[in-house]
Amino acid sequence: MISVVNEFLDDLRGGRMTEAPVVTVEQGRLQGRVAASAAGKAFYSFQGVPYAKPPLGSLRFLAPQPAESWEGIRDATSEGNISPQIDPVLHKGYCGDENCLYLNVYTPNLDGAFLPVMVYIHGGGFKYGSGSSALYGADHLVDKDVVVVTVNYRLGALGFLSLNSPDVPGNAGLKDIIQAIRWVKENIHNFGGNSGNVTLFGESAGGIATSILTASPASKHLISKAIIQSGTGLSNMAVQKNPIENAKKLAHLLGSEAEDVDEILDFLRATTAKELVEATEKLQPLDFLAESYGNYFSFIVEKEFPGVEAVLTESFYDILISGRVADVPLMIGSTTLELTLERTTDDLQVFIPQDLHVARNSEEALEISNRIKDLYFKGNHTGVESLKEYFELLSDKFVNIDTHRYVKSLVQVSTKPIYYYKFDYVGELNLTKKLLTSLGLNHAGHMDELGYLFSNELLKDVVPTAQDVKMRERMLRLWTNFAKSGNPTPDENHFITVTWLPVTTDNHYYLNLGNELSLGTNPDKEKMDFWDELYNKHFRIWEHPSINNDVVNRKTPIIIEETVATPVEAQPEETIEAFAEKPAEAVDGNGEKSDGDKAVEEVPKPAIVAEIPQVKPEVVEDTKPQIVEVIKEVEEVKKVEVTQKVEEVTQKVEEVTQKVEEEVTQKIEEVHVNGNGTDASDKKVEKKRTSNEIKMVQNSNGVPKDVIRANDPPEDDLPKNIGVNKFVNFFESLGGKK
């Protein structure tokens with residue numbers, strides 16, 4: 001230890017480090033300080049660095065604005081404010097300030113070494129937490145020659161209120177993180193970091209945010225690699241449902257009876273941050289999560305507004321399965337017991353995922369709950385002796401099932417390696433050790449891996465064992481090796497004793513982080529097979545709207561001007577009935593006439609071309625009025641954006657399907673849909689369809705251009721609304737496929 005300190009002092013005397021390092025960024029100059037890691041190694045610390053304009057006054061709830069410049073040298077030797085919150089960990093009460101958009105940079109070198117950069121996103125259910133060094137001291141990571149950045153972002157209603165309006169579409173907290181990453185990309189080279197090698201990583205809500213930002217068009221190109229710890233964007237806890245109702249409930253609880261969104265916004269802007277935080281806590285206390293399986297103020301699929309940058313305007317699931325996430329190396333995993341909340345009910349039906357839409361107390365729900373009981377519990381599922389099994393079930397519900405589904409979906413579309421892990425090491429640096437030991441449980445809990453990656457005030461008096469030190473060294477090497485090269489185990493040594501294989505479609509290889517490292521396949525296979533079976537049977541993509549269709553109540557409508565390309569020759573708008581009666585000769589989905597004539601610049605109403613089974617003419621004539629009615633319903637959904645119409649369309653589809661099912665299964669032919677069962681030349685098409693695919697666009701020469709599955713999200717050049725998706729699923733049903 002004495003030699004390490006002497007080396008540190010020699011660095012200072014030799015000028016290799018200065019007492020007051022100064023760095024120039026886009027906004028001005030920053031003065032940091034020299035710090036020493038727990039091992040005595042010197043590094044540079046810059047704290048409280050503003051990456052955006054303070055979101056105060058009229059900027060409350062809005063997307064972040066770029067940071068303003070300053071004169072002179074700004075002091076960066078202490079932490080910036082954290083977002084207003086009720087902190088259950090350090091402060092045990094209300095703390096924070098709205099002027100909270102700050103980040104910290106820790107680096108071992110300022111001399112242009114272009115080191116890998118690791119940007120950490122803290123957890124806390126999008127309600128509490130910060131990037132503070134009291135919880136996430138970066139000295140252990142910096143020792144491994146990486147630059148570490150920790151970020152504060154807006155939480156609760158301040159960060160995730162959505163009024164489905166251009167000003168307040170939602171996700172301000174996630175946009176804060178995106179703004180921070182942009183700041184890093186622009187400035188990190190001044191701190192010795194490589195802006196072309198940025199790894200985003202986070203735990204719990206930070207893991208959810210990390211996965212969402214790898215899918216967002218606003219941020220995915222900014223990220224080189226990602227590490228997702230104990231949470232993904234597939235989690236229902238991640239998604240805010242009924243944002244307008246949530247905003248109303250918050251305003252009503254604070255004393256306003258406003259129903260109009262503009263009045264709600266005015267009222268909430270006039271309310272103090274402390275009152276907002278305390279009211280949010282009353283709406284949804286921490287232990288409410290176990291039963292609610294949702295979050296009042298968290299990520300939302302935003303309504304799309306011209307000129308307004310969104311995080312996502314489609315569901316995360318649609319983007320994931322269609323392969324439109326960032327194609328980057330990924331590490332992902334969880335701990336053994338993610339949740340250890342108090343048991344509030346003995347009814348196992350609460351563990352049936354809500355996105356399966358299985359009716360409570362139905363025969364099917366009761367059967368599923370009995371299967372859950374048999375799978376997870378050896379005896380009485382309500383007794384004290386079943387506590388471990390209950391926590392395992394709770395952990396699967398909130399984290400492990402969605403992590404498994406995420407990996408299973410991503411491996412189908414990604415060309416980059418996916419490294420899967422399970423953390424089950426129990427040592428003195430486990431944050432939940434005292435709690436779980438008191439319950440007689442010897443497993444790793446939520447956040448326990450963080451004690452081996454970061455220094456933490458909660459563990460300052462803990463003396464790690466030799467095995468703990470070894471485990472910390474392993475974790476640090478795995479995480480930083482991945483940040484450096486995309487491979488966590490480039491070589492084996494005393495600490496890294498196995499080669500971590502990436503996931504394949506056939507085998508979900510995973511690294512078990514226990515007392516020793518070991519490689520396994522398909523963790524919790526029996527349980528995950530059970531949940532896969534349930535999702536395969538009950539999950540219907542059309543029951544999960546891809547876009548936000550919430551209706552906004554406002555007294556003064558907002559008029560948004562949008563530039564639209566002018567067609568070569570403007571055509572009068574035609575009715576649905578007229579469209580159904582005429583042959584589909586006008587235009588194909590490429591903006592070209594179907595007979596091969598010259599292209600047009602834009603089509604007022606692009607014809608939808610689909611591949612469906614051929615049916616007899618008399619059956620078509622009998623069902624044509626009903627088909628027209630279905631198209632009408634789809635158009636109504638598109639015009640008024642009311643999600644309730646989806647159920648009505650589904651009913652219509654089922655009625656038509658039942659009537660023509662016997663006829664359509666006899667012969668499958670390819671036809672251009674125009675409402676009367678004929679193609680563009682009024683000739684029957686003889687090519688048979690043998691797959692569960694629908695062609696949405698066709699070139700003028702008859703060769704298919706794009707093929708999309710009926711339950712895939714529409715491509716960018718197709719209408720983005722649930723009506724079109726519903727229309728496609730209707731024709732898929734005619735083929736007898738699901």
# chains A, B, ... in the order shown; residues from 1 in each chain; ligands from 1
call {"tool": "residues_around", "arguments": {"residues": "Tyr102 (chain A)", "least_positions_apart": "5", "cutoff": "9 Å", "atoms": "only C-alpha atoms", "output": "list in words"}}
result
Gln47, Gly48, Val49, Pro50, Tyr51, Ala52, Glu79, Gly80, Asn81, Ile82, Gly131, Thr150, Val151, Asn152, Tyr153 and Ala180 of chain A
call {"tool": "closest_residue", "arguments": {"among": "A:Leu478, A:Glu526, A:Ser132, A:Ser83", "to": "Asp374 (chain A)", "atoms": "only C-alpha atoms"}}
result
A:Glu526
call {"tool": "residues_around", "arguments": {"residues": "Leu439 (chain A)", "least_positions_apart": "4", "cutoff": "9 Å", "atoms": "only C-alpha atoms", "output": "PyMOL selection string"}}
result
chain A and resi 387-388+434-435
call {"tool": "residues_around", "arguments": {"residues": "region 377-385 of chain A", "least_positions_apart": "3", "cutoff": "9 Å", "atoms": "only C-alpha atoms", "output": "PyMOL selection string"}}
result
chain A and resi 343+345-346+372-374+388-390
call {"tool": "residues_around", "arguments": {"residues": "Gly520 (chain A)", "least_positions_apart": "3", "cutoff": "7 Å", "atoms": "only C-alpha atoms", "output": "PDB file with N, CA and C atoms, in the first residue's frame"}}
result
ATOM      1  N   TYR A 509     -26.608 -19.890 -24.054  1.00  0.00           N
ATOM      2  CA  TYR A 509     -25.455 -20.000 -23.173  1.00  0.00           C
ATOM      3  C   TYR A 509     -25.484 -18.856 -22.166  1.00  0.00           C
ATOM      4  N   TYR A 510     -25.091 -19.144 -20.940  1.00  0.00           N
ATOM      5  CA  TYR A 510     -25.023 -18.087 -19.934  1.00  0.00           C
ATOM      6  C   TYR A 510     -23.878 -18.362 -18.978  1.00  0.00           C
ATOM      7  N   LEU A 511     -23.332 -17.269 -18.433  1.00  0.00           N
ATOM      8  CA  LEU A 511     -22.257 -17.377 -17.460  1.00  0.00           C
ATOM      9  C   LEU A 511     -22.860 -17.275 -16.068  1.00  0.00           C
TER      10      LEU A 511
END
call {"tool": "closest_residue", "arguments": {"among": "A:Ala279, A:Val23, A:Ala270, A:Val463", "to": "Ser58 (chain A)", "atoms": "only C-alpha atoms"}}
result
A:Ala270
call {"tool": "closest_atom_pairs", "arguments": {"of": "region 382-446 of chain A", "to": "region 219-228 of chain A", "cutoff": "10 Å", "atoms": "only C-alpha atoms", "output": "CSV"}}
result
residue,atom,partner,partner_atom,distance
A:Thr403,CA,A:Ile228,CA,9.3
A:Lys416,CA,A:Lys225,CA,9.9
A:Ile418,CA,A:Ile227,CA,9.8
A:Tyr419,CA,A:Ile227,CA,9.2
A:Tyr420,CA,A:Ile228,CA,9.7
call {"tool": "closest_atom_pairs", "arguments": {"of": "region 70-144 of chain A", "to": "region 189-195 of chain A", "cutoff": "6 Å", "atoms": "only C-alpha atoms", "output": "Markdown table"}}
result
| residue | atom | partner | partner_atom | distance |
| --- | --- | --- | --- | --- |
| A:Asn109 | CA | A:Gly192 | CA | 5.6 |
| A:Leu110 | CA | A:Gly192 | CA | 4.6 |
| A:Asp111 | CA | A:Gly192 | CA | 5.9 |
| A:Gly112 | CA | A:Gly192 | CA | 4.5 |
| A:Ala113 | CA | A:Gly192 | CA | 5.1 |
| A:Phe114 | CA | A:Asn194 | CA | 4.3 |
| A:Leu115 | CA | A:Gly193 | CA | 4.5 |
| A:Pro116 | CA | A:Asn194 | CA | 5.6 |
| A:Val117 | CA | A:Gly193 | CA | 5.9 |
call {"tool": "closest_residue", "arguments": {"among": "A:Lys422, A:Lys303, A:Lys460, A:His538", "to": "Ile368 (chain A)", "atoms": "only C-alpha atoms"}}
result
A:His538
call {"tool": "select_by_dssp", "arguments": {"residues": "region 92-186 of chain A", "states": "helix (DSSP H, G or I)", "output": "list in words"}}
result
Asp139, His140, Leu141, Val142, Gly156, Ala157, Leu158, Gly159, Phe160, Ala172, Gly173, Leu174, Lys175, Asp176, Ile177, Ile178, Gln179, Ala180, Ile181, Arg182, Trp183, Val184, Lys185 and Glu186 of chain A
call {"tool": "write_last_selection", "arguments": {"atoms": "N, CA and C atoms", "output": "mmCIF file, in the first residue's frame"}}
result
data_model
loop_
_atom_site.group_PDB
_atom_site.id
_atom_site.type_symbol
_atom_site.label_atom_id
_atom_site.label_comp_id
_atom_site.auth_asym_id
_atom_site.auth_seq_id
_atom_site.Cartn_x
_atom_site.Cartn_y
_atom_site.Cartn_z
ATOM 1 N N ASP A 139 -14.352 4.558 -8.988
ATOM 2 C CA ASP A 139 -12.900 4.380 -8.908
ATOM 3 C C ASP A 139 -12.435 2.973 -9.278
ATOM 4 N N HIS A 140 -13.234 1.935 -8.940
ATOM 5 C CA HIS A 140 -12.819 0.572 -9.298
ATOM 6 C C HIS A 140 -12.799 0.390 -10.813
ATOM 7 N N LEU A 141 -13.811 0.914 -11.497
ATOM 8 C CA LEU A 141 -13.880 0.790 -12.950
ATOM 9 C C LEU A 141 -12.771 1.599 -13.619
ATOM 10 N N VAL A 142 -12.537 2.810 -13.127
ATOM 11 C CA VAL A 142 -11.505 3.667 -13.721
ATOM 12 C C VAL A 142 -10.140 3.015 -13.612
ATOM 13 N N GLY A 156 -40.009 10.565 -11.826
ATOM 14 C CA GLY A 156 -41.414 10.740 -11.485
ATOM 15 C C GLY A 156 -42.156 11.551 -12.521
ATOM 16 N N ALA A 157 -43.140 12.329 -12.070
ATOM 17 C CA ALA A 157 -43.931 13.147 -12.986
ATOM 18 C C ALA A 157 -43.076 14.196 -13.680
ATOM 19 N N LEU A 158 -42.051 14.708 -13.010
ATOM 20 C CA LEU A 158 -41.188 15.723 -13.624
ATOM 21 C C LEU A 158 -40.488 15.176 -14.864
ATOM 22 N N GLY A 159 -40.217 13.890 -14.867
ATOM 23 C CA GLY A 159 -39.516 13.296 -15.998
ATOM 24 C C GLY A 159 -40.400 12.500 -16.930
ATOM 25 N N PHE A 160 -41.605 12.118 -16.486
ATOM 26 C CA PHE A 160 -42.384 11.184 -17.296
ATOM 27 C C PHE A 160 -43.868 11.522 -17.407
ATOM 28 N N ALA A 172 -39.578 12.782 -20.959
ATOM 29 C CA ALA A 172 -38.553 13.820 -20.772
ATOM 30 C C ALA A 172 -37.325 13.258 -20.067
ATOM 31 N N GLY A 173 -37.528 12.346 -19.109
ATOM 32 C CA GLY A 173 -36.400 11.762 -18.389
ATOM 33 C C GLY A 173 -35.484 10.961 -19.298
ATOM 34 N N LEU A 174 -36.062 10.192 -20.226
ATOM 35 C CA LEU A 174 -35.245 9.442 -21.178
ATOM 36 C C LEU A 174 -34.568 10.383 -22.170
ATOM 37 N N LYS A 175 -35.239 11.465 -22.517
ATOM 38 C CA LYS A 175 -34.630 12.458 -23.414
ATOM 39 C C LYS A 175 -33.477 13.167 -22.720
ATOM 40 N N ASP A 176 -33.568 13.291 -21.386
ATOM 41 C CA ASP A 176 -32.417 13.810 -20.626
ATOM 42 C C ASP A 176 -31.201 12.921 -20.856
ATOM 43 N N ILE A 177 -31.415 11.614 -20.749
ATOM 44 C CA ILE A 177 -30.294 10.670 -20.915
ATOM 45 C C ILE A 177 -29.733 10.765 -22.330
ATOM 46 N N ILE A 178 -30.623 10.869 -23.328
ATOM 47 C CA ILE A 178 -30.168 11.007 -24.709
ATOM 48 C C ILE A 178 -29.332 12.271 -24.867
ATOM 49 N N GLN A 179 -29.790 13.356 -24.254
ATOM 50 C CA GLN A 179 -29.028 14.608 -24.316
ATOM 51 C C GLN A 179 -27.658 14.444 -23.648
ATOM 52 N N ALA A 180 -27.621 13.697 -22.547
ATOM 53 C CA ALA A 180 -26.344 13.440 -21.868
ATOM 54 C C ALA A 180 -25.401 12.637 -22.756
ATOM 55 N N ILE A 181 -25.937 11.635 -23.461
ATOM 56 C CA ILE A 181 -25.090 10.832 -24.357
ATOM 57 C C ILE A 181 -24.564 11.696 -25.497
ATOM 58 N N ARG A 182 -25.409 12.581 -26.003
ATOM 59 C CA ARG A 182 -24.944 13.497 -27.053
ATOM 60 C C ARG A 182 -23.816 14.392 -26.536
ATOM 61 N N TRP A 183 -23.979 14.858 -25.315
ATOM 62 C CA TRP A 183 -22.925 15.677 -24.709
ATOM 63 C C TRP A 183 -21.625 14.876 -24.625
ATOM 64 N N VAL A 184 -21.746 13.626 -24.218
ATOM 65 C CA VAL A 184 -20.574 12.760 -24.116
ATOM 66 C C VAL A 184 -19.916 12.595 -25.483
ATOM 67 N N LYS A 185 -20.718 12.336 -26.506
ATOM 68 C CA LYS A 185 -20.157 12.135 -27.846
ATOM 69 C C LYS A 185 -19.395 13.382 -28.319
ATOM 70 N N GLU A 186 -19.900 14.561 -27.958
ATOM 71 C CA GLU A 186 -19.284 15.805 -28.414
ATOM 72 C C GLU A 186 -18.037 16.183 -27.602
#
call {"tool": "closest_residue", "arguments": {"among": "A:Ser133, A:Thr107, A:Asn164, A:Asn487", "to": "Trp500 (chain A)", "atoms": "only C-alpha atoms"}}
result
A:Asn487
call {"tool": "residues_around", "arguments": {"residues": "Glu392 (chain A)", "least_positions_apart": "3", "cutoff": "12 Å", "atoms": "only C-alpha atoms", "output": "PyMOL selection string"}}
result
chain A and resi 335-341+351+372+375-377+386-389+395-401+441+443-446+524+527
call {"tool": "atom_distance", "arguments": {"atom1": "CA of Leu155 (chain A)", "atom2": "CA of Gly125 (chain A)"}}
result
8.8 Å
call {"tool": "residues_around", "arguments": {"residues": "Thr210 (chain A)", "least_positions_apart": "4", "cutoff": "8 Å", "atoms": "only C-alpha atoms", "output": "list in words"}}
result
Ile121, Leu200, Phe201, Gly202, Gly206, Thr214, Ala226, Ile227, Ile228 and Thr232 of chain A
call {"tool": "write_last_selection", "arguments": {"atoms": "C-alpha atoms", "output": "compact mmCIF listing (two decimals), in the first residue's frame"}}
result
# COMPACT_ATOMS: atom_id res chain seq x y z
CA ILE A 121 -27.83 4.93 -15.99
CA LEU A 200 -24.34 2.35 -22.22
CA PHE A 201 -25.11 0.31 -19.11
CA GLY A 202 -27.70 0.42 -16.36
CA GLY A 206 -31.48 1.90 -15.73
CA THR A 214 -30.87 0.92 -28.02
CA ALA A 226 -24.92 -2.06 -24.15
CA ILE A 227 -25.08 -3.84 -20.79
CA ILE A 228 -28.61 -4.46 -19.48
CA THR A 232 -35.72 -4.63 -20.08
call {"tool": "atom_distance", "arguments": {"atom1": "CA of Leu431 (chain A)", "atom2": "CA of Ile212 (chain A)"}}
result
26.4 Å
call {"tool": "atom_distance", "arguments": {"atom1": "CA of Ser78 (chain A)", "atom2": "CA of Ile208 (chain A)"}}
result
28.2 Å
call {"tool": "closest_residue", "arguments": {"among": "A:Val308, A:Leu163, A:Phe61, A:Asn361", "to": "Glu263 (chain A)", "atoms": "only C-alpha atoms"}}
result
A:Leu163
